[in-house]
Amino acid sequence: MPELPEVETIRAQLAERITGRTIREMEVVDAKLAEPATPEALVAAVRGRRIDAVTRRGKYLIWEFPDGDALALHLRMTGRLHWRPGPPEEPPPFLRASFDLDDGATMTFSDLRRFGRAWMLPADPADREDYWRGRVGPEPLARSYSGRDFAQAVARRSGPVKAVILNQAVIAGVGNMYADEALFQARIHPERPASSLSDDETKLLHRAIRDRLRVAIAHGGASIDDYRDGLGNKGQMQEQLRVHLHEGEPCPRCRTTIVKTRVAQRGTYTCPSCQPRHPGRSGS
DNA sequence: ATTTTCCCCTGCCGGC
DNA sequence: TGCCGGCAGGGGAAAA
């Protein structure tokens, strides 16, 4: 599932290839992609526009047009955005929209489960900021994002720490897979109340999140089943996962069998001995 | 105000 | 063999 590293991988590939290009035509195959707007309105806002920059906010991919206008794309669960130098030989399965560029290149948005969306962002900078506020929190890889900011956000929440780091308003871009990996690296049980974490633990988790996201970007993201990068290729990060999807296998650190549970309505993988539910006491 | 539940959507898989 | 319930999960709306 595309999380921050996957979206960032696609962003970098597209930025290299479509920056400065003009969108000659957009075709919406599945009207639901444009909801709650109509496909006609979306196409009218996109057609003929020049892409000045390809940016990212959390898991949102953004094409910046002149005059502050911007198209946001969200891949959700199974969305794929695929650039090709020319038209595809045949439409990819589950095609929902396609874009023709002025250099003959094509981009297709396909999406088996149809959760993905495309919509226009507010052009006014203040309105844009309002749009993100409350919806998408700080960028975990931003230089300015300190451990203190993270600690503050975590300390005043009582829910399970995994639910807190999955909350996009708390920290942008972390999904189920990297939440599991970061909590394992920080040796923190996902059901620990966020506010119960010590200063050291919060610092460790902040570092672990940033580390896992960076390593994942370096590996081109994780292709569990649906994810492909902007050129249709698989990532390599799935081979670096330590606990996620490793139920029944030995923990890479202590050889204890990894277990799968359910936390915050999400499948959750942990090492019961590296991630004690009650730190300080022995065992789990 | 925060936290939890439900919903969307389709393919896949285990059980009977 | 084939059907069917359950599961997968991002994010947002609704409910608690």
# chains A, B, ... in the order shown; residues from 1 in each chain; ligands from 1
>>> select_by_dssp(residues="region 7-116 of chain A", states="strand (DSSP E or B)", output="ChimeraX atom specification")
/A:22-28,50,53-57,60-64,70-74,79-84,95-101,106-111
>>> interface_residues(of="chain B", to="chain A", cutoff="9 Å", atoms="only C-alpha atoms (C1' of nucleotides)", output="tab-separated table (two decimals) with C-alpha atoms (C1' of nucleotides), in the first residue's frame")
chain	number	residue	atom	x	y	z
B	2	DT	C1'	-10.63	13.20	21.12
B	3	DT	C1'	-11.37	8.33	20.10
B	4	DT	C1'	-13.79	4.58	17.91
B	8	DC	C1'	-16.07	2.34	0.55
B	9	DC	C1'	-14.26	-1.46	-3.02
B	10	DT	C1'	-12.50	-5.80	-5.11
B	11	DG	C1'	-9.73	-9.98	-5.16
>>> interface_residues(of="chain C", to="chain A", cutoff="8 Å", atoms="only C-alpha atoms (C1' of nucleotides)", output="JSON, numbers by chain")
{"C": [9, 10, 11]}
>>> write_last_selection(atoms="N, CA and C atoms (P, O5', C5', C4', C3', O3' and C1' of nucleotides)", output="compact mmCIF listing (two decimals), in the first residue's frame")
# COMPACT_ATOMS: atom_id res chain seq x y z
P DG C 9 -3.66 -4.58 6.68
O5' DG C 9 -4.11 -3.15 6.14
C5' DG C 9 -3.41 -2.56 5.05
C4' DG C 9 -4.15 -1.34 4.62
C3' DG C 9 -4.35 -0.31 5.74
O3' DG C 9 -4.22 0.99 5.19
C1' DG C 9 -6.42 -0.90 4.85
P DG C 10 -2.90 1.82 5.54
O5' DG C 10 -3.26 3.20 4.83
C5' DG C 10 -3.11 3.34 3.45
C4' DG C 10 -3.94 4.51 2.97
C3' DG C 10 -4.04 5.66 3.98
O3' DG C 10 -3.82 6.89 3.31
C1' DG C 10 -6.22 4.77 3.52
P DG C 11 -3.79 8.20 4.18
O5' DG C 11 -5.32 8.63 4.27
C5' DG C 11 -5.97 8.98 3.07
C4' DG C 11 -7.44 9.21 3.35
C3' DG C 11 -7.72 10.24 4.45
O3' DG C 11 -8.79 11.03 4.00
C1' DG C 11 -8.90 8.29 4.88
>>> atom_distance(atom1="C1' of DA13 (chain C)", atom2="CA of Trp119 (chain A)")
18.1 Å
>>> residues_around(residues="region 122-133 of chain A", least_positions_apart="4", cutoff="12 Å", atoms="only C-alpha atoms (C1' of nucleotides)", output="list of chain:residue names")
A:Ala45, A:Arg57, A:Gly58, A:Tyr60, A:Ile62, A:Glu64, A:Phe65, A:Pro66, A:Asp67, A:Gly68, A:Asp69, A:Ala70, A:Leu71, A:Ala72, A:Gly137, A:Pro138, A:Glu139, A:Gln168, A:Ala169, A:Val170, A:Ile171, A:Ala172
>>> atom_distance(atom1="CA of Val43 (chain A)", atom2="CA of Leu231 (chain A)")
23.6 Å
>>> closest_residue(among="A:Ala105, A:Met237, A:Val54, A:Leu204", to="Ala218 (chain A)", atoms="only C-alpha atoms")
A:Met237
>>> residues_around(residues="Ile209 (chain A)", least_positions_apart="3", cutoff="9 Å", atoms="only C-alpha atoms (C1' of nucleotides)", output="list in words")
Pro140, Val174, Tyr178, Ala179, Glu181, Ala182, Leu183, Gln185, Ala186, Leu204, Leu205, His206, Arg212, Leu213 and Arg214 of chain A
>>> write_last_selection(atoms="N, CA and C atoms", output="PDB file, in the first residue's frame")
ATOM      1  N   PRO A 140       7.428  14.084   8.381  1.00  0.00           N
ATOM      2  CA  PRO A 140       8.410  13.463   9.270  1.00  0.00           C
ATOM      3  C   PRO A 140       9.847  13.644   8.810  1.00  0.00           C
ATOM      4  N   VAL A 174       2.749   8.058   7.544  1.00  0.00           N
ATOM      5  CA  VAL A 174       2.990   6.738   8.111  1.00  0.00           C
ATOM      6  C   VAL A 174       1.736   5.888   7.940  1.00  0.00           C
ATOM      7  N   TYR A 178       4.805   0.753   7.873  1.00  0.00           N
ATOM      8  CA  TYR A 178       5.931   1.450   8.504  1.00  0.00           C
ATOM      9  C   TYR A 178       5.655   1.748   9.973  1.00  0.00           C
ATOM     10  N   ALA A 179       4.404   1.780  10.369  1.00  0.00           N
ATOM     11  CA  ALA A 179       4.098   1.883  11.801  1.00  0.00           C
ATOM     12  C   ALA A 179       4.622   0.646  12.522  1.00  0.00           C
ATOM     13  N   GLU A 181       6.962  -1.428  11.540  1.00  0.00           N
ATOM     14  CA  GLU A 181       8.425  -1.490  11.444  1.00  0.00           C
ATOM     15  C   GLU A 181       9.097  -0.504  12.395  1.00  0.00           C
ATOM     16  N   ALA A 182       8.531   0.692  12.490  1.00  0.00           N
ATOM     17  CA  ALA A 182       9.128   1.704  13.364  1.00  0.00           C
ATOM     18  C   ALA A 182       8.954   1.324  14.837  1.00  0.00           C
ATOM     19  N   LEU A 183       7.776   0.814  15.199  1.00  0.00           N
ATOM     20  CA  LEU A 183       7.547   0.420  16.594  1.00  0.00           C
ATOM     21  C   LEU A 183       8.468  -0.733  16.987  1.00  0.00           C
ATOM     22  N   GLN A 185      11.453  -1.303  15.679  1.00  0.00           N
ATOM     23  CA  GLN A 185      12.808  -0.743  15.791  1.00  0.00           C
ATOM     24  C   GLN A 185      12.984   0.013  17.108  1.00  0.00           C
ATOM     25  N   ALA A 186      11.926   0.683  17.545  1.00  0.00           N
ATOM     26  CA  ALA A 186      12.003   1.450  18.798  1.00  0.00           C
ATOM     27  C   ALA A 186      11.695   0.562  20.012  1.00  0.00           C
ATOM     28  N   LEU A 204      13.241   7.634  20.683  1.00  0.00           N
ATOM     29  CA  LEU A 204      13.570   6.451  19.886  1.00  0.00           C
ATOM     30  C   LEU A 204      12.566   6.248  18.753  1.00  0.00           C
ATOM     31  N   LEU A 205      11.306   6.462  19.067  1.00  0.00           N
ATOM     32  CA  LEU A 205      10.263   6.242  18.058  1.00  0.00           C
ATOM     33  C   LEU A 205      10.350   7.286  16.949  1.00  0.00           C
ATOM     34  N   HIS A 206      10.572   8.510  17.330  1.00  0.00           N
ATOM     35  CA  HIS A 206      10.760   9.588  16.351  1.00  0.00           C
ATOM     36  C   HIS A 206      11.903   9.247  15.399  1.00  0.00           C
ATOM     37  N   ARG A 212      13.139   4.423   9.197  1.00  0.00           N
ATOM     38  CA  ARG A 212      12.454   3.438   8.346  1.00  0.00           C
ATOM     39  C   ARG A 212      11.932   4.077   7.064  1.00  0.00           C
ATOM     40  N   LEU A 213      11.418   5.308   7.156  1.00  0.00           N
ATOM     41  CA  LEU A 213      10.921   5.989   5.952  1.00  0.00           C
ATOM     42  C   LEU A 213      12.073   6.278   4.989  1.00  0.00           C
ATOM     43  N   ARG A 214      13.202   6.716   5.536  1.00  0.00           N
ATOM     44  CA  ARG A 214      14.359   7.021   4.681  1.00  0.00           C
ATOM     45  C   ARG A 214      14.886   5.774   3.991  1.00  0.00           C
TER      46      ARG A 214
END
>>> decode(residues="region 28-128 of chain A", atoms="C-alpha atoms", output="mmCIF file, in the first residue's frame")
data_model
loop_
_atom_site.group_PDB
_atom_site.id
_atom_site.type_symbol
_atom_site.label_atom_id
_atom_site.label_comp_id
_atom_site.auth_asym_id
_atom_site.auth_seq_id
_atom_site.Cartn_x
_atom_site.Cartn_y
_atom_site.Cartn_z
ATOM 1 C CA VAL A 28 -11.655 10.265 -16.761
ATOM 2 C CA VAL A 29 -12.708 6.650 -17.253
ATOM 3 C CA ASP A 30 -14.266 6.208 -13.805
ATOM 4 C CA ALA A 31 -16.320 9.216 -12.691
ATOM 5 C CA LYS A 32 -15.894 8.183 -9.058
ATOM 6 C CA LEU A 33 -12.251 9.255 -9.256
ATOM 7 C CA ALA A 34 -13.344 12.901 -9.378
ATOM 8 C CA GLU A 35 -15.941 12.718 -6.570
ATOM 9 C CA PRO A 36 -17.365 14.827 -5.149
ATOM 10 C CA ALA A 37 -16.662 16.950 -8.250
ATOM 11 C CA THR A 38 -17.746 15.905 -11.717
ATOM 12 C CA PRO A 39 -15.302 14.498 -14.258
ATOM 13 C CA GLU A 40 -16.138 17.405 -16.582
ATOM 14 C CA ALA A 41 -15.178 20.002 -13.979
ATOM 15 C CA LEU A 42 -11.943 18.206 -13.145
ATOM 16 C CA VAL A 43 -10.926 17.809 -16.790
ATOM 17 C CA ALA A 44 -11.702 21.486 -17.430
ATOM 18 C CA ALA A 45 -9.427 22.491 -14.555
ATOM 19 C CA VAL A 46 -6.566 20.246 -15.686
ATOM 20 C CA ARG A 47 -6.593 20.310 -19.486
ATOM 21 C CA GLY A 48 -4.037 22.627 -21.059
ATOM 22 C CA ARG A 49 -2.222 23.308 -17.785
ATOM 23 C CA ARG A 50 1.547 23.266 -17.447
ATOM 24 C CA ILE A 51 3.051 21.212 -14.624
ATOM 25 C CA ASP A 52 5.495 23.517 -12.862
ATOM 26 C CA ALA A 53 6.392 21.112 -10.077
ATOM 27 C CA VAL A 54 5.551 17.682 -8.697
ATOM 28 C CA THR A 55 5.356 17.782 -4.921
ATOM 29 C CA ARG A 56 4.113 15.636 -2.074
ATOM 30 C CA ARG A 57 2.319 16.187 1.203
ATOM 31 C CA GLY A 58 2.149 13.042 3.351
ATOM 32 C CA LYS A 59 0.693 10.424 1.017
ATOM 33 C CA TYR A 60 -0.771 13.049 -1.316
ATOM 34 C CA LEU A 61 0.889 13.596 -4.688
ATOM 35 C CA ILE A 62 0.504 17.108 -6.104
ATOM 36 C CA TRP A 63 0.965 18.625 -9.554
ATOM 37 C CA GLU A 64 1.501 22.348 -9.250
ATOM 38 C CA PHE A 65 0.110 24.468 -12.073
ATOM 39 C CA PRO A 66 0.718 28.194 -12.693
ATOM 40 C CA ASP A 67 -1.237 30.722 -10.600
ATOM 41 C CA GLY A 68 -1.266 28.486 -7.541
ATOM 42 C CA ASP A 69 -3.644 25.908 -8.948
ATOM 43 C CA ALA A 70 -2.808 22.310 -8.161
ATOM 44 C CA LEU A 71 -4.111 18.821 -8.790
ATOM 45 C CA ALA A 72 -3.982 16.435 -5.845
ATOM 46 C CA LEU A 73 -3.852 12.682 -6.395
ATOM 47 C CA HIS A 74 -4.258 10.052 -3.704
ATOM 48 C CA LEU A 75 -3.562 6.405 -4.486
ATOM 49 C CA ARG A 76 -5.147 5.083 -1.280
ATOM 50 C CA MET A 77 -4.908 1.283 -1.294
ATOM 51 C CA THR A 78 -4.303 0.071 -4.814
ATOM 52 C CA GLY A 79 -3.805 3.141 -6.973
ATOM 53 C CA ARG A 80 -1.021 3.168 -9.540
ATOM 54 C CA LEU A 81 0.313 6.128 -11.456
ATOM 55 C CA HIS A 82 2.337 4.987 -14.440
ATOM 56 C CA TRP A 83 4.360 7.196 -16.800
ATOM 57 C CA ARG A 84 5.241 5.951 -20.263
ATOM 58 C CA PRO A 85 7.172 7.744 -23.027
ATOM 59 C CA GLY A 86 4.276 7.109 -25.402
ATOM 60 C CA PRO A 87 0.752 5.706 -25.408
ATOM 61 C CA PRO A 88 0.390 2.294 -23.713
ATOM 62 C CA GLU A 89 0.074 -0.677 -26.047
ATOM 63 C CA GLU A 90 -3.148 -1.545 -24.285
ATOM 64 C CA PRO A 91 -4.975 0.149 -21.427
ATOM 65 C CA PRO A 92 -3.811 -1.185 -18.070
ATOM 66 C CA PRO A 93 -6.378 -3.159 -16.074
ATOM 67 C CA PHE A 94 -8.626 -1.112 -13.770
ATOM 68 C CA LEU A 95 -7.840 2.093 -15.644
ATOM 69 C CA ARG A 96 -9.590 5.105 -14.089
ATOM 70 C CA ALA A 97 -7.987 8.080 -15.826
ATOM 71 C CA SER A 98 -5.264 8.944 -18.314
ATOM 72 C CA PHE A 99 -3.237 12.050 -19.164
ATOM 73 C CA ASP A 100 -1.614 12.929 -22.501
ATOM 74 C CA LEU A 101 1.365 15.300 -22.319
ATOM 75 C CA ASP A 102 2.721 17.682 -24.931
ATOM 76 C CA ASP A 103 5.861 15.578 -25.457
ATOM 77 C CA GLY A 104 3.826 12.498 -26.388
ATOM 78 C CA ALA A 105 4.190 10.850 -22.987
ATOM 79 C CA THR A 106 1.197 9.274 -21.238
ATOM 80 C CA MET A 107 0.282 8.795 -17.626
ATOM 81 C CA THR A 108 -2.331 6.309 -16.456
ATOM 82 C CA PHE A 109 -4.079 6.113 -13.107
ATOM 83 C CA SER A 110 -5.293 2.578 -12.474
ATOM 84 C CA ASP A 111 -6.790 1.360 -9.246
ATOM 85 C CA LEU A 112 -8.263 -2.064 -8.597
ATOM 86 C CA ARG A 113 -10.257 -1.151 -5.526
ATOM 87 C CA ARG A 114 -11.216 2.318 -6.703
ATOM 88 C CA PHE A 115 -10.457 4.105 -3.426
ATOM 89 C CA GLY A 116 -8.108 6.618 -5.065
ATOM 90 C CA ARG A 117 -9.171 10.195 -5.777
ATOM 91 C CA ALA A 118 -8.121 13.206 -7.874
ATOM 92 C CA TRP A 119 -9.205 16.769 -7.095
ATOM 93 C CA MET A 120 -8.164 20.392 -7.320
ATOM 94 C CA LEU A 121 -6.560 22.048 -4.294
ATOM 95 C CA PRO A 122 -7.329 25.643 -3.263
ATOM 96 C CA ALA A 123 -5.120 28.052 -5.226
ATOM 97 C CA ASP A 124 -4.852 30.686 -2.518
ATOM 98 C CA PRO A 125 -1.922 29.851 -0.218
ATOM 99 C CA ALA A 126 -3.892 30.627 2.935
ATOM 100 C CA ASP A 127 -6.811 28.485 1.786
ATOM 101 C CA ARG A 128 -4.393 25.715 0.874
#
